[in-house]
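Next comes coords-v1.cif, a file with mmCIF, C-alpha atoms and all ligand atoms.
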```cif
data_upload
loop_
_atom_site.label_atom_id
_atom_site.label_comp_id
_atom_site.auth_asym_id
_atom_site.auth_seq_id
_atom_site.Cartn_x
_atom_site.Cartn_y
_atom_site.Cartn_z
CA MET A 19 5.20 121.59 5.92
CA PRO A 20 5.22 124.55 8.35
CA PHE A 21 1.90 126.38 8.58
CA ARG A 22 1.89 129.83 6.96
CA PRO A 23 -1.11 132.03 7.84
CA ARG A 24 -3.30 133.08 4.92
CA TYR A 25 -2.65 136.68 3.85
CA THR A 26 -5.88 138.59 4.37
CA GLY A 27 -5.01 142.12 3.40
CA LEU A 28 -3.13 145.11 4.69
CA ILE A 29 -5.54 146.12 7.46
CA GLU A 30 -5.06 142.79 9.23
CA ARG A 31 -1.32 142.93 8.62
CA TYR A 32 -0.83 146.45 9.93
CA ARG A 33 -3.80 146.61 12.29
CA ASP A 34 -1.76 148.18 15.11
CA ARG A 35 -0.67 151.06 12.87
CA LEU A 36 -4.09 151.87 11.42
CA PRO A 37 -7.16 153.56 12.95
CA ILE A 38 -9.14 150.33 13.27
CA HIS A 39 -11.18 149.01 16.24
CA ASP A 40 -11.16 145.38 17.37
CA ASN A 41 -14.74 144.86 16.22
CA THR A 42 -14.54 146.80 12.94
CA ARG A 43 -15.90 144.85 9.96
CA ILE A 44 -13.02 144.85 7.51
CA ILE A 45 -13.78 145.21 3.80
CA SER A 46 -10.83 143.61 2.04
CA LEU A 47 -9.93 141.88 -1.19
CA GLY A 48 -6.47 140.83 -0.04
CA GLU A 49 -4.77 144.04 -1.22
CA GLY A 50 -1.15 144.97 -0.50
CA ASN A 51 1.84 142.62 -0.17
CA THR A 52 2.86 143.46 -3.74
CA PRO A 53 6.19 142.38 -5.25
CA LEU A 54 9.28 144.57 -4.95
CA ILE A 55 11.16 143.53 -8.07
CA ARG A 56 14.83 144.33 -8.61
CA LEU A 57 15.49 145.40 -12.19
CA ASN A 58 18.20 143.29 -13.79
CA ASN A 59 18.53 144.42 -17.38
CA ILE A 60 17.75 148.14 -17.43
CA PRO A 61 20.60 149.14 -15.06
CA ASP A 62 23.00 147.18 -17.31
CA LEU A 63 21.70 149.01 -20.37
CA LEU A 64 22.27 152.29 -18.56
CA GLY A 65 25.71 151.24 -17.44
CA ALA A 66 24.76 152.71 -14.09
CA GLU A 67 25.85 151.61 -10.64
CA VAL A 68 22.42 151.85 -9.07
CA GLU A 69 20.04 149.36 -7.56
CA ILE A 70 16.58 149.97 -8.97
CA TYR A 71 13.55 148.25 -7.50
CA VAL A 72 10.02 148.59 -8.78
CA LYS A 73 7.07 148.21 -6.42
CA TYR A 74 4.54 146.55 -8.68
CA GLU A 75 1.29 148.00 -7.39
CA GLY A 76 -0.50 146.87 -10.53
CA LEU A 77 -0.78 143.48 -8.82
CA ASN A 78 -3.35 144.73 -6.32
CA PRO A 79 -6.85 143.21 -6.66
CA THR A 80 -8.21 145.84 -9.05
CA GLY A 81 -4.84 146.48 -10.69
CA SER A 82 -3.69 149.65 -8.95
CA PHE A 83 -2.41 151.10 -5.66
CA LYS A 84 -5.83 152.62 -5.03
CA ASP A 85 -6.91 149.38 -3.35
CA ARG A 86 -4.60 150.09 -0.41
CA GLY A 87 -6.51 153.26 0.34
CA MET A 88 -9.90 151.94 -0.66
CA THR A 89 -9.90 149.04 1.81
CA MET A 90 -9.48 151.62 4.59
CA ALA A 91 -11.87 154.23 3.17
CA VAL A 92 -14.70 151.74 2.56
CA THR A 93 -14.12 149.91 5.86
CA LYS A 94 -14.45 153.23 7.72
CA ALA A 95 -17.40 154.39 5.60
CA VAL A 96 -19.29 151.19 6.47
CA GLU A 97 -18.27 151.47 10.13
CA GLN A 98 -19.74 154.97 10.17
CA GLY A 99 -23.02 153.71 8.69
CA SER A 100 -22.61 155.05 5.16
CA ARG A 101 -24.68 153.36 2.44
CA ALA A 102 -23.01 155.02 -0.53
CA ILE A 103 -19.60 156.27 -1.60
CA ILE A 104 -18.66 158.72 -4.34
CA CYS A 105 -15.49 159.74 -6.17
CA ALA A 106 -14.21 161.66 -9.15
CA SER A 107 -11.65 159.66 -11.05
CA THR A 108 -9.29 159.35 -13.97
CA GLY A 109 -10.20 155.63 -13.85
CA ASN A 110 -8.35 153.70 -11.18
CA THR A 111 -10.07 155.18 -8.14
CA SER A 112 -13.43 154.47 -9.76
CA ALA A 113 -12.46 150.86 -10.51
CA SER A 114 -11.33 150.36 -6.94
CA ALA A 115 -14.30 152.16 -5.36
CA ALA A 116 -16.69 150.09 -7.48
CA ALA A 117 -15.08 146.80 -6.42
CA TYR A 118 -14.89 147.58 -2.70
CA ALA A 119 -18.46 148.91 -2.69
CA ALA A 120 -19.59 145.66 -4.30
CA ARG A 121 -17.70 143.72 -1.65
CA ALA A 122 -19.31 145.79 1.12
CA GLY A 123 -22.80 145.71 -0.38
CA ILE A 124 -23.11 149.48 -0.73
CA THR A 125 -23.51 151.79 -3.75
CA ALA A 126 -20.66 153.54 -5.56
CA PHE A 127 -21.16 156.67 -7.67
CA VAL A 128 -18.22 157.44 -9.93
CA LEU A 129 -17.68 160.63 -11.93
CA ILE A 130 -15.30 160.18 -14.84
CA PRO A 131 -14.20 162.45 -17.69
CA ASP A 132 -16.13 161.39 -20.77
CA GLY A 133 -13.86 159.59 -23.26
CA LYS A 134 -10.70 160.21 -21.24
CA ILE A 135 -10.31 157.08 -19.18
CA ALA A 136 -8.67 153.84 -20.28
CA GLN A 137 -10.99 151.06 -21.44
CA GLY A 138 -10.04 148.52 -18.77
CA LYS A 139 -10.92 150.95 -15.99
CA LEU A 140 -14.31 151.75 -17.49
CA ALA A 141 -15.01 148.02 -17.84
CA GLN A 142 -14.19 147.52 -14.15
CA ALA A 143 -16.49 150.31 -12.93
CA MET A 144 -19.30 148.92 -15.08
CA MET A 145 -18.79 145.27 -14.16
CA HIS A 146 -18.77 145.96 -10.42
CA GLY A 147 -22.14 147.63 -10.72
CA SER A 148 -21.26 151.18 -9.80
CA VAL A 149 -23.31 154.10 -11.07
CA VAL A 150 -21.05 155.54 -13.77
CA ILE A 151 -21.54 159.26 -14.38
CA GLN A 152 -19.54 160.52 -17.36
CA ILE A 153 -19.07 164.27 -17.28
CA LYS A 154 -18.26 166.56 -20.18
CA GLY A 155 -15.30 167.89 -18.28
CA ASN A 156 -11.97 166.80 -16.80
CA PHE A 157 -11.00 165.24 -13.48
CA ASP A 158 -10.57 168.59 -11.72
CA GLU A 159 -14.12 169.65 -12.61
CA GLY A 160 -15.39 166.25 -11.45
CA MET A 161 -13.59 166.63 -8.13
CA LYS A 162 -15.17 170.04 -7.56
CA LEU A 163 -18.63 168.60 -8.23
CA VAL A 164 -18.05 165.66 -5.91
CA LYS A 165 -17.09 167.97 -3.04
CA GLU A 166 -20.18 170.07 -3.62
CA VAL A 167 -22.64 167.19 -3.93
CA ALA A 168 -21.28 165.45 -0.83
CA GLU A 169 -22.44 168.45 1.20
CA ARG A 170 -25.99 167.90 -0.02
CA ALA A 171 -26.34 164.10 -0.40
CA PRO A 172 -25.68 161.17 2.00
CA VAL A 173 -22.51 159.95 0.31
CA THR A 174 -18.96 159.48 1.59
CA ILE A 175 -16.14 160.82 -0.59
CA VAL A 176 -13.45 158.19 -1.21
CA ASN A 177 -10.98 160.33 -3.13
CA SER A 178 -7.63 160.82 -1.44
CA ILE A 179 -8.96 163.87 0.43
CA ASN A 180 -10.54 161.18 2.61
CA PRO A 181 -7.80 160.81 5.27
CA PHE A 182 -8.35 157.06 5.61
CA ARG A 183 -7.18 156.63 2.01
CA LEU A 184 -3.70 157.92 2.88
CA GLN A 185 -3.62 155.76 6.00
CA GLY A 186 -4.10 152.66 3.86
CA GLN A 187 -1.64 153.79 1.21
CA LYS A 188 1.14 154.48 3.73
CA THR A 189 1.50 150.70 4.15
CA ALA A 190 3.37 150.47 0.84
CA ALA A 191 6.28 152.25 2.56
CA PHE A 192 6.12 149.77 5.48
CA GLU A 193 6.38 146.85 3.08
CA ILE A 194 9.39 148.37 1.30
CA VAL A 195 11.31 149.07 4.52
CA GLU A 196 10.57 145.58 5.82
CA GLU A 197 11.74 143.95 2.62
CA LEU A 198 14.90 146.02 2.06
CA GLY A 199 15.72 146.12 5.76
CA ARG A 200 15.95 149.93 5.45
CA ALA A 201 14.38 152.76 3.50
CA PRO A 202 15.72 153.31 -0.03
CA ASP A 203 17.83 156.41 -0.76
CA TYR A 204 15.27 157.68 -3.27
CA HIS A 205 11.62 156.87 -3.81
CA CYS A 206 10.21 157.93 -7.19
CA LEU A 207 6.49 158.22 -7.86
CA PRO A 208 4.18 159.50 -10.59
CA VAL A 209 2.24 162.48 -9.23
CA GLY A 210 -1.33 163.48 -10.00
CA ASN A 211 -3.29 164.62 -6.96
CA ALA A 212 -0.16 163.94 -4.87
CA GLY A 213 -2.03 161.77 -2.37
CA ASN A 214 0.25 158.80 -2.88
CA ILE A 215 3.54 160.64 -2.45
CA THR A 216 2.11 162.12 0.76
CA ALA A 217 0.95 158.71 1.96
CA HIS A 218 4.38 157.17 1.36
CA TRP A 219 6.05 159.94 3.32
CA ILE A 220 3.67 159.39 6.23
CA GLY A 221 4.58 155.70 6.07
CA TYR A 222 8.34 156.27 6.01
CA CYS A 223 8.18 158.84 8.81
CA GLU A 224 5.97 156.67 10.96
CA TYR A 225 8.16 153.66 10.44
CA SER A 226 11.32 155.45 11.41
CA SER A 227 9.97 157.67 14.14
CA GLY A 228 9.61 155.39 17.11
CA SER A 229 6.86 156.88 19.22
CA GLY A 230 6.64 160.39 17.75
CA ALA A 231 7.42 163.77 19.24
CA GLN A 232 6.04 166.94 20.71
CA VAL A 233 5.09 169.55 18.09
CA THR A 234 4.36 173.20 18.61
CA GLU A 235 2.25 173.77 15.49
CA ALA A 236 -0.55 171.56 14.16
CA CYS A 237 0.90 168.69 12.14
CA VAL A 238 0.20 169.04 8.42
CA PHE A 239 -0.40 165.30 8.07
CA CYS A 240 -2.45 164.24 11.07
CA ALA A 241 -3.66 167.70 12.22
CA SER A 242 -2.72 166.82 15.80
CA GLU A 243 -1.43 169.48 18.15
CA GLY A 244 0.95 168.58 20.93
CA HIS A 245 2.04 165.02 20.27
CA CYS A 246 2.50 163.87 16.66
CA ARG A 247 3.39 160.36 15.54
CA PHE A 248 5.00 161.60 12.34
CA ALA A 249 6.96 164.56 13.68
CA SER A 250 10.46 164.90 12.29
CA GLY A 251 11.93 165.44 15.74
CA ALA A 252 11.70 161.77 16.58
CA ILE A 253 13.10 160.35 13.37
CA VAL A 254 15.50 157.57 14.22
CA GLY A 255 15.79 155.59 11.00
CA ASN A 256 16.63 156.65 7.47
CA ARG A 257 14.05 158.07 5.08
CA PRO A 258 14.25 158.44 1.32
CA LYS A 259 14.37 161.57 -0.76
CA MET A 260 10.90 161.66 -2.30
CA VAL A 261 10.92 162.42 -6.03
CA GLY A 262 7.66 163.20 -7.83
CA TYR A 263 7.39 163.11 -11.62
CA GLN A 264 4.52 164.58 -13.58
CA ALA A 265 3.56 164.43 -17.24
CA ALA A 266 4.82 167.57 -19.00
CA GLY A 267 1.32 168.59 -20.13
CA SER A 268 -0.09 168.17 -16.62
CA ALA A 269 2.67 169.50 -14.41
CA PRO A 270 1.41 172.01 -11.84
CA PHE A 271 4.21 171.15 -9.37
CA ILE A 272 6.84 172.02 -11.97
CA GLN A 273 5.07 175.13 -13.18
CA GLY A 274 4.47 176.23 -9.60
CA HIS A 275 0.77 176.86 -10.13
CA MET A 276 -2.47 175.08 -11.03
CA VAL A 277 -2.99 174.11 -14.68
CA ASP A 278 -6.44 174.50 -16.21
CA ASN A 279 -6.33 172.27 -19.28
CA PRO A 280 -4.03 169.35 -18.48
CA GLU A 281 -3.19 166.95 -21.31
CA THR A 282 -1.15 163.74 -21.47
CA VAL A 283 -1.24 160.23 -22.87
CA ALA A 284 -0.94 159.11 -19.24
CA THR A 285 -4.64 159.74 -18.58
CA ALA A 286 -4.41 158.53 -14.96
CA ILE A 287 -2.39 161.65 -14.07
CA ARG A 288 -4.21 164.11 -16.31
CA ILE A 289 -4.76 166.42 -13.33
CA GLY A 290 -4.12 170.16 -13.16
CA HIS A 291 -5.42 170.99 -9.68
CA PRO A 292 -3.80 168.53 -7.24
CA GLN A 293 -5.80 168.00 -4.06
CA SER A 294 -2.74 167.39 -1.86
CA TRP A 295 -0.82 170.48 -3.07
CA ASP A 296 0.39 171.71 0.35
CA HIS A 297 1.15 168.23 1.67
CA ALA A 298 3.27 167.38 -1.35
CA TRP A 299 5.38 170.53 -1.01
CA THR A 300 5.95 169.65 2.63
CA VAL A 301 7.04 166.16 1.59
CA GLN A 302 9.45 167.57 -0.98
CA LYS A 303 11.00 169.98 1.51
CA GLU A 304 11.18 167.58 4.46
CA SER A 305 12.64 164.75 2.42
CA GLY A 306 15.07 166.84 0.37
CA GLY A 307 13.55 165.50 -2.84
CA TRP A 308 12.27 167.28 -5.95
CA PHE A 309 9.59 167.42 -8.65
CA ASP A 310 10.22 167.17 -12.36
CA SER A 311 8.28 166.40 -15.52
CA CYS A 312 8.55 163.86 -18.34
CA THR A 313 7.28 164.18 -21.89
CA ASP A 314 4.71 161.71 -23.20
CA ALA A 315 7.43 160.23 -25.42
CA GLU A 316 9.70 159.62 -22.41
CA ILE A 317 6.81 158.03 -20.50
CA LEU A 318 5.90 155.65 -23.32
CA HIS A 319 9.56 154.79 -23.88
CA ALA A 320 9.96 153.81 -20.21
CA GLN A 321 6.74 151.78 -20.32
CA LYS A 322 8.01 149.85 -23.31
CA LEU A 323 11.49 149.39 -21.88
CA LEU A 324 10.04 147.79 -18.75
CA ALA A 325 7.80 145.51 -20.76
CA GLU A 326 10.47 144.46 -23.27
CA LYS A 327 13.56 144.29 -21.07
CA GLU A 328 12.16 143.23 -17.70
CA GLY A 329 8.83 141.53 -18.47
CA ILE A 330 6.87 144.05 -16.40
CA PHE A 331 3.75 145.62 -17.89
CA CYS A 332 2.54 148.83 -16.25
CA GLU A 333 0.19 151.52 -17.47
CA PRO A 334 1.63 154.73 -18.97
CA ALA A 335 1.18 156.91 -15.86
CA SER A 336 3.09 154.37 -13.78
CA ALA A 337 6.06 154.42 -16.12
CA THR A 338 6.51 158.13 -15.36
CA SER A 339 8.37 157.17 -12.16
CA LEU A 340 10.94 155.17 -14.10
CA ALA A 341 11.13 157.65 -16.99
CA GLY A 342 12.11 160.44 -14.63
CA ALA A 343 14.45 158.25 -12.61
CA LEU A 344 16.34 157.09 -15.71
CA ARG A 345 16.99 160.69 -16.70
CA ASP A 346 18.08 161.69 -13.20
CA ILE A 347 20.40 158.67 -12.99
CA LYS A 348 21.99 159.62 -16.31
CA THR A 349 22.61 163.20 -15.21
CA GLY A 350 23.92 162.08 -11.82
CA LYS A 351 21.18 163.88 -9.89
CA ILE A 352 20.41 160.43 -8.48
CA ALA A 353 23.82 159.53 -7.14
CA ALA A 354 25.78 156.47 -8.25
CA GLY A 355 25.78 153.71 -5.68
CA SER A 356 22.27 154.49 -4.47
CA THR A 357 19.23 152.30 -4.02
CA LEU A 358 15.97 153.53 -5.40
CA VAL A 359 12.39 152.38 -5.57
CA CYS A 360 10.06 153.37 -8.39
CA THR A 361 6.38 152.77 -7.76
CA LEU A 362 4.52 151.24 -10.69
CA THR A 363 1.08 152.41 -9.71
CA GLY A 364 -1.16 150.52 -12.16
CA HIS A 365 -1.22 147.45 -14.40
CA GLY A 366 -0.57 147.69 -18.14
CA LEU A 367 -3.74 145.79 -18.98
CA LYS A 368 -5.73 148.77 -17.76
CA ASP A 369 -4.98 150.57 -21.02
CA PRO A 370 -4.65 148.08 -23.89
CA ASP A 371 -5.39 150.72 -26.54
CA THR A 372 -2.30 152.81 -25.79
CA ALA A 373 -0.17 149.67 -25.58
CA ILE A 374 -1.30 148.34 -28.95
CA GLN A 375 -0.99 151.75 -30.63
CA GLN A 376 2.65 152.16 -29.67
CA SER A 377 3.73 148.55 -30.04
CA THR A 378 6.21 147.84 -32.82
CA ALA A 379 6.48 144.11 -32.16
CA PRO A 380 5.79 142.08 -35.30
CA VAL A 381 2.31 140.58 -35.52
CA LEU A 382 2.39 138.13 -38.43
CA THR A 383 -0.75 136.91 -40.13
CA ILE A 384 -0.14 133.76 -42.15
CA ALA A 385 -1.92 130.75 -43.59
CA ALA A 386 -2.48 127.90 -41.10
CA GLU A 387 0.34 125.82 -42.61
CA LEU A 388 3.38 124.19 -41.01
CA SER A 389 5.82 125.55 -43.60
CA ARG A 390 4.64 129.12 -43.01
CA VAL A 391 5.01 128.80 -39.24
CA GLN A 392 8.48 127.31 -39.69
CA LYS A 393 9.48 130.18 -41.94
CA ALA A 394 8.18 132.72 -39.43
CA ILE A 395 10.43 131.16 -36.78
CA GLU A 396 13.48 131.13 -39.06
CA ASP A 397 12.97 134.74 -40.06
CA ASN A 398 12.63 135.97 -36.50
CA LEU A 399 15.10 133.95 -34.46
CA ALA A 400 17.53 136.36 -32.86
N1 LIG A 501 -0.67 156.48 -11.18
C1 LIG A 501 -1.88 155.99 -11.47
C2 LIG A 501 -1.97 154.73 -12.27
C3 LIG A 501 -3.04 156.65 -11.01
O1 LIG A 501 -4.24 156.14 -11.30
C4 LIG A 501 -2.91 157.85 -10.27
C5 LIG A 501 -4.07 158.59 -9.81
C6 LIG A 501 -1.60 158.30 -9.99
C7 LIG A 501 -0.52 157.59 -10.46
C8 LIG A 501 -1.35 159.53 -9.20
O2 LIG A 501 -1.53 159.34 -7.85
O3 LIG A 501 -3.09 161.20 -7.46
O4 LIG A 501 -2.00 160.04 -5.56
O5 LIG A 501 -0.69 161.53 -7.06
N2 LIG A 501 -5.24 158.32 -10.16
C9 LIG A 501 -6.45 158.92 -9.60
C10 LIG A 501 -7.70 158.21 -10.10
C11 LIG A 501 -6.52 160.39 -9.74
O6 LIG A 501 -8.77 158.81 -10.17
O7 LIG A 501 -7.61 157.01 -10.39
P1 LIG A 501 -1.84 160.61 -6.91
#
```

Show how you would write the structure in this file as structure tokens.
Ligand code: F0G
Amino acid sequence: MPFRPRYTGLIERYRDRLPIHDNTRIISLGEGNTPLIRLNNIPDLLGAEVEIYVKYEGLNPTGSFKDRGMTMAVTKAVEQGSRAIICASTGNTSASAAAYAARAGITAFVLIPDGKIAQGKLAQAMMHGSVVIQIKGNFDEGMKLVKEVAERAPVTIVNSINPFRLQGQKTAAFEIVEELGRAPDYHCLPVGNAGNITAHWIGYCEYSSGSGAQVTEACVFCASEGHCRFASGAIVGNRPKMVGYQAAGSAPFIQGHMVDNPETVATAIRIGHPQSWDHAWTVQKESGGWFDSCTDAEILHAQKLLAEKEGIFCEPASATSLAGALRDIKTGKIAAGSTLVCTLTGHGLKDPDTAIQQSTAPVLTIAAELSRVQKAIEDNLA
């Protein structure tokens, strides 16, 4: 059998495109390289001539896309001599930070909104031995506190305002282009802080831009003046229209201003003050994409549709990308004949409570008798 090298994570795979030195100690759990699954049944149900792929980021080591950024952020934090990291989180960042800190042998402090994160995520932060700080406030308040405390205490912030996070996350775009042989026409993502949509755009631009271009103003992404690797001037390949969907109760990009009391069943994106506000608007304008919102009912419907019709279980926030895309396909805003990718940012097992609450599948409780089992089969055979 031909020898196939062991996959050891996205930093090793994309080393030449990441700010990594030859002797850097890499903190990895084998993240990245997630499946790009073509939907078979949902497009048929829609009767739509579109190719829909989902990038199943829930299959990263801690069950979300955050691991792509965290491998970079923690690797760089350790390289720079940091002994502790800190983040505010709606759950997935804290789970990821806790795991990568454990792997690196450093301490993670995680600030989470009390009672507003999914059970699986809390279990992860606790199991990996992070210091869990529940605040009587929401994510946005936690983020503000983290920024303030990091000025006073020896801790490295690993939220997506840490530029190494976006560097790691841009690799999802590389993987998609390599697998499809081109960029999709549309790339749909759930948007909270807007770090991930920004990271994907960096990835697509970098992939298609050859060696970059001269810029006159400082680049919004890499802050470089003069020569920029991401500058639009040098784009040679195709890039997708980037489409960001938010939950209706937490939709600052649709309202056009910050939202103080965000609410949604999709707790991962219960964010009213996005940290990458300016970047995300640049992405929207440069790519020719748009922002829109989905109701909680639309989000849960899409989550269930994916689980029941395609066998793919993602958490509610993740389903926002598909929920919005389905609507835009129906209205023709996403053109017939196009290829689109929806990112499924986190695994469904993260939030079992929401899944069980909305499930309508029959759960039968019967006596442990053959005849009763037989009857259950007869009654339920399609
Ligand atoms: N989907 C999931 C499952 C998330 O956990 C997040 C963000 C997003 C989408 C939005 O990504 O912020 O880059 O626009 N979760 C962060 C956290 C805020 O703390 O886990 P974004």

| field | Residue nearest A:Ile272 - candidates A:Leu318, A:Ile287, A:Met19, A:Val209, atoms counted: all atoms listed in the file | value |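 Nearest candidate to A:Ile272 out of A:Leu318, A:Ile287, A:Met19, A:Val209: A:Val209.
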
| query | What residues have any atom no more than 9 Å from ligand LIG 501 (chain A) when counting only C-alpha atoms and all ligand atoms, and can you list them as a ChimeraX atom specification? | reply | /A:75-76,81-84,105-114,130,139,157,177-178,184,207-217,262,264,284-289,292-294,332-338,361-365,368

| So which one's closest to A:Lys303, A:Arg345, A:His319, A:Lys259, A:His205? Using all atoms listed in the file, please. |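 Using all atoms listed in the file, A:Lys303 sits closest to A:Lys259.
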
| query | How many Å lie between atom CA of A:Glu159 and atom CA of A:Gln321, rounded to one decimal? | reply |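 One can read the atom CA of A:Glu159 to atom CA of A:Gln321 distance as 28.5 Å.
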
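Counting only C-alpha atoms and comparing A:Gly155, A:Gly199, A:Pro280, A:Gly147, the residue that lies closest to A:Asp132 is A:Gly155.
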
| query | Looking at A:Arg101, A:Arg86, A:Arg33, A:Arg121, which one is nearest to A:Ile45, with distances taken over only C-alpha atoms? | reply | A:Arg121

| Atomic distance atom CA of A:Lys188 - atom CA of A:Ser46, expressed in Å with one decimal | 16.3 Å

| Taking into account only C-alpha atoms, which residue in the set A:Glu169, A:Glu193, A:Glu396, A:Asp346 is nearest to A:Gly307? |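 Among the listed residues, A:Asp346 lies closest to A:Gly307.
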
| said: Between atom CA of A:Thr349 and atom CA of A:His275, what is the distance in Å, rounded to a tenth? | reply: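 Calculated distance between atom CA of A:Thr349 and atom CA of A:His275 is 26.3 Å.
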